[in-house]
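> Provided below: upload23.txt, containing compact mmCIF, C-alpha atoms and all ligand atoms.
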# COMPACT_ATOMS: atom_id res chain seq x y z
CA MET A 56 -29.85 -14.78 20.39
CA ALA A 57 -28.34 -15.08 16.93
CA ARG A 58 -29.17 -12.29 14.50
CA ARG A 59 -29.80 -12.77 10.79
CA ALA A 60 -28.22 -10.88 7.87
CA LEU A 61 -29.20 -11.03 4.20
CA ILE A 62 -26.28 -10.35 1.84
CA THR A 63 -26.65 -9.96 -1.92
CA GLY A 64 -23.66 -10.97 -4.05
CA ALA A 65 -22.21 -13.16 -1.30
CA THR A 66 -20.35 -15.61 -3.56
CA SER A 67 -17.27 -13.47 -4.15
CA GLY A 68 -15.42 -10.27 -3.28
CA ILE A 69 -16.85 -7.81 -0.75
CA GLY A 70 -20.16 -9.70 -0.24
CA ASN A 71 -18.30 -12.91 0.51
CA SER A 72 -16.16 -11.07 3.08
CA PHE A 73 -19.32 -9.74 4.75
CA ALA A 74 -20.75 -13.28 4.84
CA ARG A 75 -17.62 -14.80 6.41
CA ARG A 76 -17.22 -12.00 8.97
CA LEU A 77 -20.89 -12.01 10.01
CA ALA A 78 -21.00 -15.82 10.26
CA ALA A 79 -17.87 -15.72 12.45
CA ASP A 80 -19.75 -13.21 14.59
CA ASN A 81 -22.61 -15.73 15.05
CA HIS A 82 -25.10 -14.25 12.58
CA ASP A 83 -27.42 -16.56 10.70
CA LEU A 84 -27.34 -15.69 7.01
CA VAL A 85 -29.42 -15.49 3.88
CA ILE A 86 -27.09 -15.32 0.89
CA VAL A 87 -28.12 -14.24 -2.60
CA ALA A 88 -26.53 -14.44 -6.07
CA ARG A 89 -27.23 -15.97 -9.50
CA SER A 90 -24.88 -18.93 -9.27
CA ALA A 91 -26.58 -21.75 -7.29
CA ASP A 92 -23.42 -23.89 -7.15
CA ARG A 93 -21.26 -21.17 -5.69
CA LEU A 94 -23.97 -20.19 -3.18
CA GLU A 95 -24.29 -23.80 -1.95
CA GLN A 96 -20.51 -24.03 -1.65
CA VAL A 97 -20.33 -20.84 0.48
CA ALA A 98 -23.32 -21.96 2.58
CA ALA A 99 -21.83 -25.42 3.29
CA GLU A 100 -18.48 -23.91 4.28
CA LEU A 101 -20.02 -21.37 6.68
CA ARG A 102 -22.44 -23.86 8.27
CA ALA A 103 -19.59 -26.29 8.94
CA LYS A 104 -17.14 -23.69 10.21
CA HIS A 105 -19.40 -21.48 12.36
CA ARG A 106 -22.48 -23.63 13.14
CA VAL A 107 -24.84 -20.90 11.87
CA GLU A 108 -27.96 -21.25 9.70
CA VAL A 109 -27.37 -20.25 6.09
CA ASP A 110 -30.30 -20.02 3.64
CA VAL A 111 -29.65 -19.68 -0.06
CA VAL A 112 -31.72 -17.59 -2.48
CA VAL A 113 -30.86 -17.85 -6.17
CA ALA A 114 -31.90 -14.62 -7.85
CA ASP A 115 -30.87 -12.39 -10.73
CA LEU A 116 -31.24 -8.92 -9.23
CA SER A 117 -31.35 -7.24 -12.62
CA THR A 118 -34.85 -8.77 -13.05
CA SER A 119 -38.14 -7.86 -11.35
CA GLU A 120 -38.71 -11.55 -10.57
CA GLY A 121 -35.35 -11.78 -8.80
CA MET A 122 -35.97 -8.59 -6.82
CA ASP A 123 -39.44 -9.84 -5.75
CA ARG A 124 -38.03 -13.18 -4.58
CA VAL A 125 -35.48 -11.51 -2.31
CA ALA A 126 -37.95 -8.82 -1.12
CA GLU A 127 -40.35 -11.61 -0.13
CA ARG A 128 -37.62 -13.26 1.93
CA LEU A 129 -36.94 -9.93 3.67
CA THR A 130 -40.56 -9.67 4.79
CA ASP A 131 -40.79 -13.24 6.14
CA THR A 132 -41.83 -12.60 9.74
CA ALA A 133 -41.11 -16.18 10.81
CA ARG A 134 -37.39 -15.78 9.99
CA PRO A 135 -36.74 -12.04 10.33
CA VAL A 136 -33.70 -10.31 8.84
CA ASP A 137 -31.99 -7.67 11.03
CA LEU A 138 -29.27 -6.56 8.61
CA LEU A 139 -29.55 -6.14 4.83
CA VAL A 140 -26.31 -5.79 2.87
CA ASN A 141 -27.20 -4.49 -0.61
CA ASN A 142 -23.92 -5.46 -2.25
CA ALA A 143 -24.46 -7.31 -5.57
CA GLY A 144 -23.06 -5.30 -8.44
CA ALA A 145 -21.16 -5.32 -11.68
CA SER A 146 -19.76 -2.90 -14.22
CA LEU A 147 -20.26 -2.74 -17.96
CA ALA A 148 -17.29 -2.82 -20.31
CA GLY A 149 -17.21 0.53 -22.09
CA TRP A 150 -18.43 4.05 -21.42
CA PHE A 151 -22.06 5.12 -21.72
CA GLY A 152 -22.80 6.04 -25.33
CA THR A 153 -20.79 3.09 -26.66
CA THR A 154 -22.66 0.32 -24.82
CA ASP A 155 -25.95 -1.41 -25.67
CA ILE A 156 -28.83 0.52 -24.05
CA ALA A 157 -30.49 -2.77 -23.00
CA ASP A 158 -27.35 -3.56 -20.97
CA GLU A 159 -27.53 -0.08 -19.42
CA ASP A 160 -31.14 -0.82 -18.39
CA ALA A 161 -30.01 -4.04 -16.72
CA GLN A 162 -27.25 -2.12 -14.89
CA LEU A 163 -29.77 0.47 -13.68
CA ASP A 164 -31.96 -2.38 -12.41
CA LEU A 165 -29.06 -4.11 -10.62
CA LEU A 166 -27.41 -1.02 -9.10
CA VAL A 167 -30.44 1.20 -8.41
CA ARG A 168 -33.81 -0.58 -8.63
CA ALA A 169 -32.70 -3.71 -6.76
CA PRO A 170 -31.23 -1.90 -3.72
CA MET A 171 -34.30 0.37 -3.71
CA HIS A 172 -36.76 -2.56 -3.75
CA LEU A 173 -34.83 -4.51 -1.12
CA MET A 174 -34.42 -1.47 1.13
CA ASP A 175 -38.15 -0.77 0.83
CA ALA A 176 -38.96 -4.33 1.94
CA ALA A 177 -36.37 -4.25 4.74
CA VAL A 178 -37.45 -0.88 6.15
CA LYS A 179 -41.14 -1.85 6.15
CA SER A 180 -40.35 -5.12 7.89
CA MET A 181 -37.77 -3.78 10.37
CA SER A 182 -39.78 -0.73 11.42
CA GLY A 183 -42.54 -3.01 12.72
CA ARG A 184 -40.06 -5.08 14.70
CA GLY A 185 -38.04 -2.54 16.67
CA GLY A 186 -35.31 -1.75 14.17
CA GLY A 187 -32.40 -3.08 12.13
CA ALA A 188 -29.74 -1.91 9.70
CA VAL A 189 -29.08 -1.58 5.97
CA ILE A 190 -25.65 -1.32 4.35
CA ASN A 191 -25.75 -0.10 0.75
CA VAL A 192 -22.48 -0.87 -1.03
CA ALA A 193 -21.77 2.21 -3.17
CA SER A 194 -18.27 3.38 -4.15
CA VAL A 195 -15.91 6.36 -3.88
CA ALA A 196 -16.81 6.73 -7.56
CA ALA A 197 -20.02 8.30 -6.16
CA PHE A 198 -17.99 11.43 -5.37
CA THR A 199 -16.66 11.85 -8.92
CA PRO A 200 -18.34 12.47 -12.29
CA ARG A 201 -17.36 9.17 -13.92
CA GLY A 202 -20.01 7.73 -16.21
CA VAL A 203 -23.24 5.93 -15.45
CA TYR A 204 -21.69 3.69 -12.75
CA SER A 205 -20.69 6.67 -10.60
CA ALA A 206 -24.14 8.25 -11.14
CA HIS A 207 -25.85 5.06 -9.89
CA LYS A 208 -23.59 4.95 -6.83
CA ALA A 209 -24.17 8.68 -6.13
CA TRP A 210 -27.91 7.96 -6.09
CA LEU A 211 -27.36 5.23 -3.49
CA VAL A 212 -25.19 7.46 -1.28
CA ASN A 213 -27.75 10.27 -1.39
CA LEU A 214 -30.66 7.97 -0.50
CA SER A 215 -28.67 6.30 2.30
CA ARG A 216 -27.70 9.64 3.87
CA TRP A 217 -31.33 10.73 3.99
CA ALA A 218 -32.65 7.34 5.15
CA ASP A 219 -30.17 7.11 8.02
CA ILE A 220 -31.55 10.35 9.48
CA HIS A 221 -35.17 9.71 8.56
CA TYR A 222 -35.39 6.19 10.04
CA ASP A 223 -33.53 7.02 13.24
CA ASP A 224 -36.95 7.30 14.94
CA VAL A 225 -37.69 3.63 14.23
CA ASN A 226 -34.17 2.51 15.13
CA ILE A 227 -33.02 1.66 11.59
CA ALA A 228 -29.43 2.61 10.70
CA VAL A 229 -28.57 3.03 7.00
CA GLN A 230 -25.00 3.21 5.73
CA ALA A 231 -23.51 3.88 2.31
CA LEU A 232 -20.24 1.96 2.06
CA CYS A 233 -17.87 3.73 -0.35
CA PRO A 234 -14.75 1.70 -1.06
CA GLY A 235 -12.01 2.57 -3.54
CA PHE A 236 -10.34 -0.14 -5.64
CA VAL A 237 -10.83 -3.56 -4.04
CA ARG A 238 -9.24 -6.79 -5.27
CA THR A 239 -12.26 -8.92 -6.26
CA GLU A 240 -13.65 -10.46 -9.47
CA PHE A 241 -15.31 -7.13 -10.32
CA HIS A 242 -12.74 -5.67 -12.75
CA GLN A 243 -12.15 -8.91 -14.62
CA ARG A 244 -15.89 -9.51 -15.02
CA GLY A 245 -16.30 -5.95 -16.37
CA ASP A 246 -13.35 -6.43 -18.72
CA MET A 247 -11.59 -3.40 -17.18
CA ASP A 248 -7.90 -2.75 -17.60
CA VAL A 249 -6.69 -1.88 -14.11
CA SER A 250 -3.00 -2.52 -14.81
CA GLY A 251 -2.28 1.22 -14.38
CA VAL A 252 -3.80 1.41 -10.89
CA PRO A 253 -0.92 1.77 -8.39
CA ARG A 254 -0.56 -0.85 -5.64
CA TRP A 255 -1.24 1.62 -2.83
CA MET A 256 -4.77 2.20 -4.19
CA TRP A 257 -5.87 -1.43 -3.72
CA LEU A 258 -7.83 -2.52 -0.64
CA LYS A 259 -8.62 -6.04 0.55
CA ALA A 260 -12.27 -7.12 0.65
CA ASP A 261 -11.94 -8.39 4.25
CA TYR A 262 -10.63 -5.00 5.35
CA VAL A 263 -13.52 -3.21 3.61
CA ALA A 264 -16.20 -5.41 5.24
CA LYS A 265 -14.64 -4.98 8.69
CA ALA A 266 -14.36 -1.19 8.29
CA SER A 267 -18.02 -1.00 7.25
CA LEU A 268 -19.27 -3.05 10.23
CA ASP A 269 -17.07 -1.04 12.63
CA ASP A 270 -18.52 2.18 11.18
CA LEU A 271 -22.06 0.77 11.47
CA ARG A 272 -21.48 0.29 15.20
CA LYS A 273 -20.40 3.96 15.33
CA ASP A 274 -23.60 4.88 13.43
CA LYS A 275 -21.75 6.44 10.48
CA ALA A 276 -24.04 7.09 7.50
CA VAL A 277 -21.11 7.04 5.05
CA SER A 278 -18.22 4.62 5.46
CA ILE A 279 -15.06 5.25 3.44
CA PRO A 280 -12.52 2.55 4.32
CA SER A 281 -8.88 3.70 4.74
CA LEU A 282 -7.37 7.10 5.40
CA ARG A 283 -6.09 7.41 1.83
CA TYR A 284 -9.59 7.17 0.34
CA LYS A 285 -11.03 9.47 3.02
CA LEU A 286 -8.47 12.07 1.89
CA LEU A 287 -9.19 11.48 -1.81
CA ALA A 288 -12.95 11.79 -1.24
CA THR A 289 -12.40 15.07 0.66
CA LEU A 290 -10.18 16.41 -2.14
CA ALA A 291 -12.81 15.44 -4.73
CA ARG A 292 -15.38 17.49 -2.81
CA TYR A 293 -13.31 20.69 -2.98
CA MET A 294 -11.53 20.41 -6.36
CA PRO A 295 -13.15 21.76 -9.57
CA SER A 296 -15.40 19.01 -10.97
CA SER A 297 -13.80 19.25 -14.45
CA LEU A 298 -10.41 18.41 -12.88
CA VAL A 299 -11.90 15.58 -10.81
CA ALA A 300 -13.54 14.16 -13.96
CA ARG A 301 -10.22 14.22 -15.84
CA ILE A 302 -8.36 12.45 -13.02
CA ALA A 303 -11.15 9.90 -12.51
CA LYS A 304 -11.19 9.02 -16.22
CA ARG A 305 -7.57 7.87 -16.01
CA GLY A 306 -8.47 5.39 -13.25
CA ARG A 307 -10.68 3.17 -15.37
N1 LIG A 401 -14.12 -4.13 -6.49
C1 LIG A 401 -14.08 -2.81 -6.42
O1 LIG A 401 -13.03 -2.17 -6.71
C2 LIG A 401 -15.28 -2.05 -5.95
C3 LIG A 401 -15.09 -0.71 -5.56
C4 LIG A 401 -16.18 0.00 -5.11
C5 LIG A 401 -17.44 -0.58 -5.03
N2 LIG A 401 -17.59 -1.87 -5.45
C6 LIG A 401 -18.96 -2.44 -5.35
O2 LIG A 401 -18.90 -3.55 -4.49
C7 LIG A 401 -19.98 -4.45 -4.77
C8 LIG A 401 -19.46 -5.87 -4.83
O3 LIG A 401 -18.53 -5.97 -5.89
P1 LIG A 401 -17.23 -6.90 -5.82
O4 LIG A 401 -16.08 -6.03 -6.13
O5 LIG A 401 -17.22 -7.72 -4.59
O6 LIG A 401 -17.52 -7.77 -7.14
P2 LIG A 401 -17.48 -9.34 -7.47
O7 LIG A 401 -16.31 -10.01 -6.80
O8 LIG A 401 -17.60 -9.42 -8.95
O9 LIG A 401 -18.82 -9.90 -6.77
C9 LIG A 401 -20.07 -9.56 -7.27
C10 LIG A 401 -21.14 -10.40 -6.56
O10 LIG A 401 -22.43 -9.94 -7.03
C11 LIG A 401 -23.15 -11.04 -7.59
N3 LIG A 401 -23.95 -10.54 -8.73
C12 LIG A 401 -23.50 -9.93 -9.86
N4 LIG A 401 -24.51 -9.66 -10.70
C13 LIG A 401 -25.64 -10.10 -10.07
C14 LIG A 401 -27.02 -10.14 -10.42
N5 LIG A 401 -27.46 -9.67 -11.61
N6 LIG A 401 -27.90 -10.66 -9.54
C15 LIG A 401 -27.49 -11.15 -8.35
N7 LIG A 401 -26.20 -11.16 -7.96
C16 LIG A 401 -25.28 -10.66 -8.81
C17 LIG A 401 -22.07 -12.05 -8.02
O11 LIG A 401 -22.54 -13.39 -8.05
P3 LIG A 401 -23.19 -14.10 -9.38
O12 LIG A 401 -22.32 -13.72 -10.54
O13 LIG A 401 -23.22 -15.55 -9.07
O14 LIG A 401 -24.58 -13.53 -9.50
C18 LIG A 401 -21.06 -11.87 -6.88
O15 LIG A 401 -21.45 -12.62 -5.76
C19 LIG A 401 -20.60 -3.93 -6.08
O16 LIG A 401 -21.80 -3.24 -5.78
C20 LIG A 401 -19.55 -2.97 -6.64
O17 LIG A 401 -20.14 -1.97 -7.43
C21 LIG A 401 -16.56 -2.62 -5.89
Any chance you could put this one into structure tokens?


Amino acid sequence: MARRALITGATSGIGNSFARRLAADNHDLVIVARSADRLEQVAAELRAKHRVEVDVVVADLSTSEGMDRVAERLTDTARPVDLLVNNAGASLAGWFGTTDIADEDAQLDLLVRAPMHLMDAAVKSMSGRGGGAVINVASVAAFTPRGVYSAHKAWLVNLSRWADIHYDDVNIAVQALCPGFVRTEFHQRGDMDVSGVPRWMWLKADYVAKASLDDLRKDKAVSIPSLRYKLLATLARYMPSSLVARIAKRGR
């Protein structure tokens, strides 16, 4: 029987790689983003190529209305979702303290409140149905003191680690996916200068999605794709945090 996955931010980058990989693996999909045109384009391509069902939900996940719309879809018992991929995200141009506080509120809503609301809906729905899985797309930035973005991602990693243990009883696996630099639209949208990031630090979105799903099968609560980022994350854990903060600041 085909399973169904709901992926937020499925129109580009990592979310789009999850959508293509899961569709190729015979999952029906619910894909979410703000851009209706791009969602319909992705849906049409995946239906034609893999003969799976693809539903589209247009929602701005930095708004309560958008979160509610997607949460409602997650609790639809007629078309149950077995895997939630909390992936939609963005970065603000500029460090905290120089940005508009209203934009920081919207970031908090998108990167923290939205995954929290969607995970709440998914867990309540899945626990009554024999189980499921949640992938929360965080970042290796979670392991470094690096502005508000890294603080939001650290929150997501912490919650995921706890939830994976806590919901084991009801057969729900929760994973925090922590990629390093991935070539997507993310840096351009956030107006970030990444010209100084060496080539060896870049990962491909398809590789990241595959690593995450492989790690989910192995029941890993934290997935860090690639050996180089596993090593960097381990170093960050043992180095003095002032030194980690100085190194991390150069990466932006
Ligand atoms: N790229 C990296 O180096 C990197 C590294 C570590 C972690 N990450 C994380 O990976 C996740 C995906 O990022 P990406 O690199 O794949 O970025 P991306 O290529 O810019 O894709 C972002 C996706 O999220 C959607 N989105 C953005 N804001 C949204 C909103 N308010 N409501 C609903 N959907 C929204 C976008 O579609 P619409 O614009 O149409 O809404 C798009 O589908 C993010 O959580 C990011 O923090 C990225």

> Can you tell me, as a PyMOL selection string, what residues are no more than 12 Å from Arg128 in chain A when counting all atoms listed in the file, ignoring any on the same chain fewer than 6 positions away?

chain A and resi 59-62+84-87+110-114+121-122+134-136+139+173+176-177+180

> Each residue of chain A with at least one atom at most 6 Å from ligand LIG 401 (chain A) should appear once, together with its nearest atom pair and the corresponding distance in Å (one decimal); atoms considered: only C-alpha atoms and all ligand atoms; ordering: chain, then increasing residue number; output as a Markdown table.


| residue | atom | partner | partner_atom | distance |
| --- | --- | --- | --- | --- |
| A:Gly64 | CA | A:LIG401 | O15 | 3.2 |
| A:Ala65 | CA | A:LIG401 | O15 | 4.6 |
| A:Thr66 | CA | A:LIG401 | O15 | 3.9 |
| A:Ser67 | CA | A:LIG401 | O7 | 4.5 |
| A:Gly68 | CA | A:LIG401 | O5 | 3.4 |
| A:Ile69 | CA | A:LIG401 | O5 | 3.9 |
| A:Gly70 | CA | A:LIG401 | O5 | 5.6 |
| A:Ala88 | CA | A:LIG401 | N7 | 3.8 |
| A:Arg89 | CA | A:LIG401 | O14 | 3.6 |
| A:Ser90 | CA | A:LIG401 | O13 | 3.8 |
| A:Ala114 | CA | A:LIG401 | C15 | 5.6 |
| A:Asp115 | CA | A:LIG401 | N6 | 3.6 |
| A:Leu116 | CA | A:LIG401 | N6 | 3.8 |
| A:Ser117 | CA | A:LIG401 | N5 | 4.7 |
| A:Asn142 | CA | A:LIG401 | O16 | 4.7 |
| A:Ala143 | CA | A:LIG401 | O10 | 3.6 |
| A:Gly144 | CA | A:LIG401 | O16 | 3.6 |
| A:Ala145 | CA | A:LIG401 | C12 | 5.5 |
| A:Leu165 | CA | A:LIG401 | N5 | 5.9 |
| A:Val192 | CA | A:LIG401 | O16 | 5.4 |
| A:Ala193 | CA | A:LIG401 | C5 | 5.5 |
| A:Ser194 | CA | A:LIG401 | C4 | 4.1 |
| A:Pro234 | CA | A:LIG401 | C4 | 4.6 |
| A:Gly235 | CA | A:LIG401 | C3 | 4.9 |
| A:Phe236 | CA | A:LIG401 | O1 | 3.5 |
| A:Val237 | CA | A:LIG401 | O1 | 3.7 |
| A:Arg238 | CA | A:LIG401 | N1 | 5.7 |
| A:Thr239 | CA | A:LIG401 | O7 | 4.2 |
| A:Glu240 | CA | A:LIG401 | O7 | 3.8 |
| A:Phe241 | CA | A:LIG401 | O8 | 3.5 |

> Using only C-alpha atoms, which of A:Asp83, A:Val225, A:Trp257, A:Val195 sits nearest Leu286 in chain A?

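Closest to Leu286 in chain A, using only C-alpha atoms: A:Val195.
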
> Which residue is closest to Asp164 in chain A? Choose from A:Tyr293, A:Trp255, A:Trp150, A:Tyr204 and count all atoms listed in the file.

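That would be A:Tyr204, the residue with the smallest distance to Asp164 in chain A.
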
> To one decimal place in Å, what is the distance between CA of Val189 in chain A and CA of Gln230 in chain A?

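Answer for the CA of Val189 in chain A to CA of Gln230 in chain A separation: 6.3 Å.
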
> Of the residues A:Cys233, A:Leu129, A:Ala264, A:Met181, which is the one nearest to Asn71 in chain A, using only C-alpha atoms?

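Looking only at the distances to Asn71 in chain A, the closest residue turns out to be A:Ala264.
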
> Which one of A:Leu163, A:Ala228, A:Met256, A:Ala126 sits closest to Ile190 in chain A if you count all atoms listed in the file?

A:Ala228

> Tell me, in Å to one decimal, how far CA of Gln162 in chain A is from CA of Ala209 in chain A.

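Between CA of Gln162 in chain A and CA of Ala209 in chain A the gap works out to 14.2 Å.
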
> Would you mind reading off the distance between CA of Arg124 in chain A and CA of Asp137 in chain A, one decimal, in Å?

17.6 Å

> Which residues come within 8 Å of Asp261 in chain A, counting only C-alpha atoms, excluding same-chain residues fewer than 2 positions away, as a PyMOL selection string?

chain A and resi 69+72-73+76+259+263-265

> Have a look at A:Ala157, A:Ala91, A:Val178, A:Leu298 and name the one nearest to Leu138 in chain A; count all atoms listed in the file.

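Smallest distance to Leu138 in chain A is found for A:Val178.
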
> So that I can check the surroundings of Ala303 in chain A, please list as a CSV table (one decimal) with C-alpha atoms, in the frame of the given file every protein, DNA and RNA residue that reaches within 12 Å of it, counting all atoms listed in the file and ignoring chain neighbours fewer than 2 positions away.


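Full text of result_22.csv as output:
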chain,number,residue,atom,x,y,z
A,195,VAL,CA,-15.9,6.4,-3.9
A,196,ALA,CA,-16.8,6.7,-7.6
A,197,ALA,CA,-20.0,8.3,-6.2
A,198,PHE,CA,-18.0,11.4,-5.4
A,199,THR,CA,-16.7,11.8,-8.9
A,200,PRO,CA,-18.3,12.5,-12.3
A,201,ARG,CA,-17.4,9.2,-13.9
A,202,GLY,CA,-20.0,7.7,-16.2
A,205,SER,CA,-20.7,6.7,-10.6
A,235,GLY,CA,-12.0,2.6,-3.5
A,252,VAL,CA,-3.8,1.4,-10.9
A,287,LEU,CA,-9.2,11.5,-1.8
A,288,ALA,CA,-13.0,11.8,-1.2
A,291,ALA,CA,-12.8,15.4,-4.7
A,296,SER,CA,-15.4,19.0,-11.0
A,297,SER,CA,-13.8,19.2,-14.4
A,298,LEU,CA,-10.4,18.4,-12.9
A,299,VAL,CA,-11.9,15.6,-10.8
A,300,ALA,CA,-13.5,14.2,-14.0
A,301,ARG,CA,-10.2,14.2,-15.8
A,305,ARG,CA,-7.6,7.9,-16.0
A,306,GLY,CA,-8.5,5.4,-13.2
A,307,ARG,CA,-10.7,3.2,-15.4

> Hey, which of A:Arg93, A:Arg283, A:His207, A:Arg58 ends up closest to Asp80 in chain A? Count all atoms listed in the file.

A:Arg58

> Only all heavy atoms, as a PDB file, in the first residue's frame: that is what I want for range 149-157 of chain A.


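Heads up, here's the output in selection-v1.pdb:
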ATOM      1  N   GLY A 149      21.201  39.887   7.334  1.00  0.00           N
ATOM      2  CA  GLY A 149      21.652  40.723   8.457  1.00  0.00           C
ATOM      3  C   GLY A 149      21.563  40.015   9.786  1.00  0.00           C
ATOM      4  O   GLY A 149      20.727  39.126   9.978  1.00  0.00           O
ATOM      5  N   TRP A 150      22.427  40.403  10.703  1.00  0.00           N
ATOM      6  CA  TRP A 150      22.458  39.805  12.034  1.00  0.00           C
ATOM      7  C   TRP A 150      21.389  40.414  12.930  1.00  0.00           C
ATOM      8  O   TRP A 150      21.019  41.579  12.768  1.00  0.00           O
ATOM      9  CB  TRP A 150      23.834  40.034  12.685  1.00  0.00           C
ATOM     10  CG  TRP A 150      24.940  39.305  11.981  1.00  0.00           C
ATOM     11  CD1 TRP A 150      25.872  39.866  11.144  1.00  0.00           C
ATOM     12  CD2 TRP A 150      25.236  37.913  12.031  1.00  0.00           C
ATOM     13  NE1 TRP A 150      26.720  38.900  10.679  1.00  0.00           N
ATOM     14  CE2 TRP A 150      26.362  37.687  11.209  1.00  0.00           C
ATOM     15  CE3 TRP A 150      24.661  36.823  12.685  1.00  0.00           C
ATOM     16  CZ2 TRP A 150      26.918  36.423  11.027  1.00  0.00           C
ATOM     17  CZ3 TRP A 150      25.224  35.562  12.502  1.00  0.00           C
ATOM     18  CH2 TRP A 150      26.337  35.369  11.687  1.00  0.00           C
ATOM     19  N   PHE A 151      20.946  39.630  13.904  1.00  0.00           N
ATOM     20  CA  PHE A 151      19.988  40.104  14.909  1.00  0.00           C
ATOM     21  C   PHE A 151      20.529  41.389  15.554  1.00  0.00           C
ATOM     22  O   PHE A 151      21.714  41.494  15.854  1.00  0.00           O
ATOM     23  CB  PHE A 151      19.806  39.020  15.971  1.00  0.00           C
ATOM     24  CG  PHE A 151      18.899  39.417  17.089  1.00  0.00           C
ATOM     25  CD1 PHE A 151      17.537  39.527  16.884  1.00  0.00           C
ATOM     26  CD2 PHE A 151      19.413  39.694  18.342  1.00  0.00           C
ATOM     27  CE1 PHE A 151      16.688  39.899  17.914  1.00  0.00           C
ATOM     28  CE2 PHE A 151      18.578  40.073  19.385  1.00  0.00           C
ATOM     29  CZ  PHE A 151      17.208  40.176  19.166  1.00  0.00           C
ATOM     30  N   GLY A 152      19.659  42.351  15.738  1.00  0.00           N
ATOM     31  CA  GLY A 152      20.096  43.642  16.281  1.00  0.00           C
ATOM     32  C   GLY A 152      20.237  44.688  15.186  1.00  0.00           C
ATOM     33  O   GLY A 152      20.302  45.883  15.470  1.00  0.00           O
ATOM     34  N   THR A 153      20.274  44.212  13.915  1.00  0.00           N
ATOM     35  CA  THR A 153      20.303  45.159  12.793  1.00  0.00           C
ATOM     36  C   THR A 153      19.038  45.005  11.953  1.00  0.00           C
ATOM     37  O   THR A 153      18.739  45.831  11.116  1.00  0.00           O
ATOM     38  CB  THR A 153      21.516  44.916  11.875  1.00  0.00           C
ATOM     39  OG1 THR A 153      21.368  43.620  11.274  1.00  0.00           O
ATOM     40  CG2 THR A 153      22.829  44.966  12.640  1.00  0.00           C
ATOM     41  N   THR A 154      18.310  43.898  12.184  1.00  0.00           N
ATOM     42  CA  THR A 154      17.124  43.608  11.364  1.00  0.00           C
ATOM     43  C   THR A 154      15.870  44.207  12.006  1.00  0.00           C
ATOM     44  O   THR A 154      15.884  44.626  13.165  1.00  0.00           O
ATOM     45  CB  THR A 154      16.940  42.072  11.266  1.00  0.00           C
ATOM     46  OG1 THR A 154      16.994  41.549  12.591  1.00  0.00           O
ATOM     47  CG2 THR A 154      18.008  41.438  10.418  1.00  0.00           C
ATOM     48  N   ASP A 155      14.777  44.202  11.228  1.00  0.00           N
ATOM     49  CA  ASP A 155      13.488  44.681  11.724  1.00  0.00           C
ATOM     50  C   ASP A 155      12.916  43.599  12.659  1.00  0.00           C
ATOM     51  O   ASP A 155      12.860  42.423  12.286  1.00  0.00           O
ATOM     52  CB  ASP A 155      12.570  44.893  10.507  1.00  0.00           C
ATOM     53  CG  ASP A 155      11.295  45.602  10.884  1.00  0.00           C
ATOM     54  OD1 ASP A 155      10.787  45.361  11.997  1.00  0.00           O
ATOM     55  OD2 ASP A 155      10.799  46.389  10.060  1.00  0.00           O
ATOM     56  N   ILE A 156      12.467  43.973  13.837  1.00  0.00           N
ATOM     57  CA  ILE A 156      11.983  42.984  14.804  1.00  0.00           C
ATOM     58  C   ILE A 156      10.722  42.262  14.302  1.00  0.00           C
ATOM     59  O   ILE A 156      10.495  41.089  14.638  1.00  0.00           O
ATOM     60  CB  ILE A 156      11.785  43.621  16.215  1.00  0.00           C
ATOM     61  CG1 ILE A 156      11.665  42.535  17.292  1.00  0.00           C
ATOM     62  CG2 ILE A 156      10.611  44.586  16.234  1.00  0.00           C
ATOM     63  CD1 ILE A 156      12.897  41.701  17.507  1.00  0.00           C
ATOM     64  N   ALA A 157       9.941  42.935  13.447  1.00  0.00           N
ATOM     65  CA  ALA A 157       8.755  42.254  12.875  1.00  0.00           C
ATOM     66  C   ALA A 157       9.206  41.106  11.966  1.00  0.00           C
ATOM     67  O   ALA A 157       8.566  40.044  11.927  1.00  0.00           O
ATOM     68  CB  ALA A 157       7.908  43.250  12.087  1.00  0.00           C
TER      69      ALA A 157
END
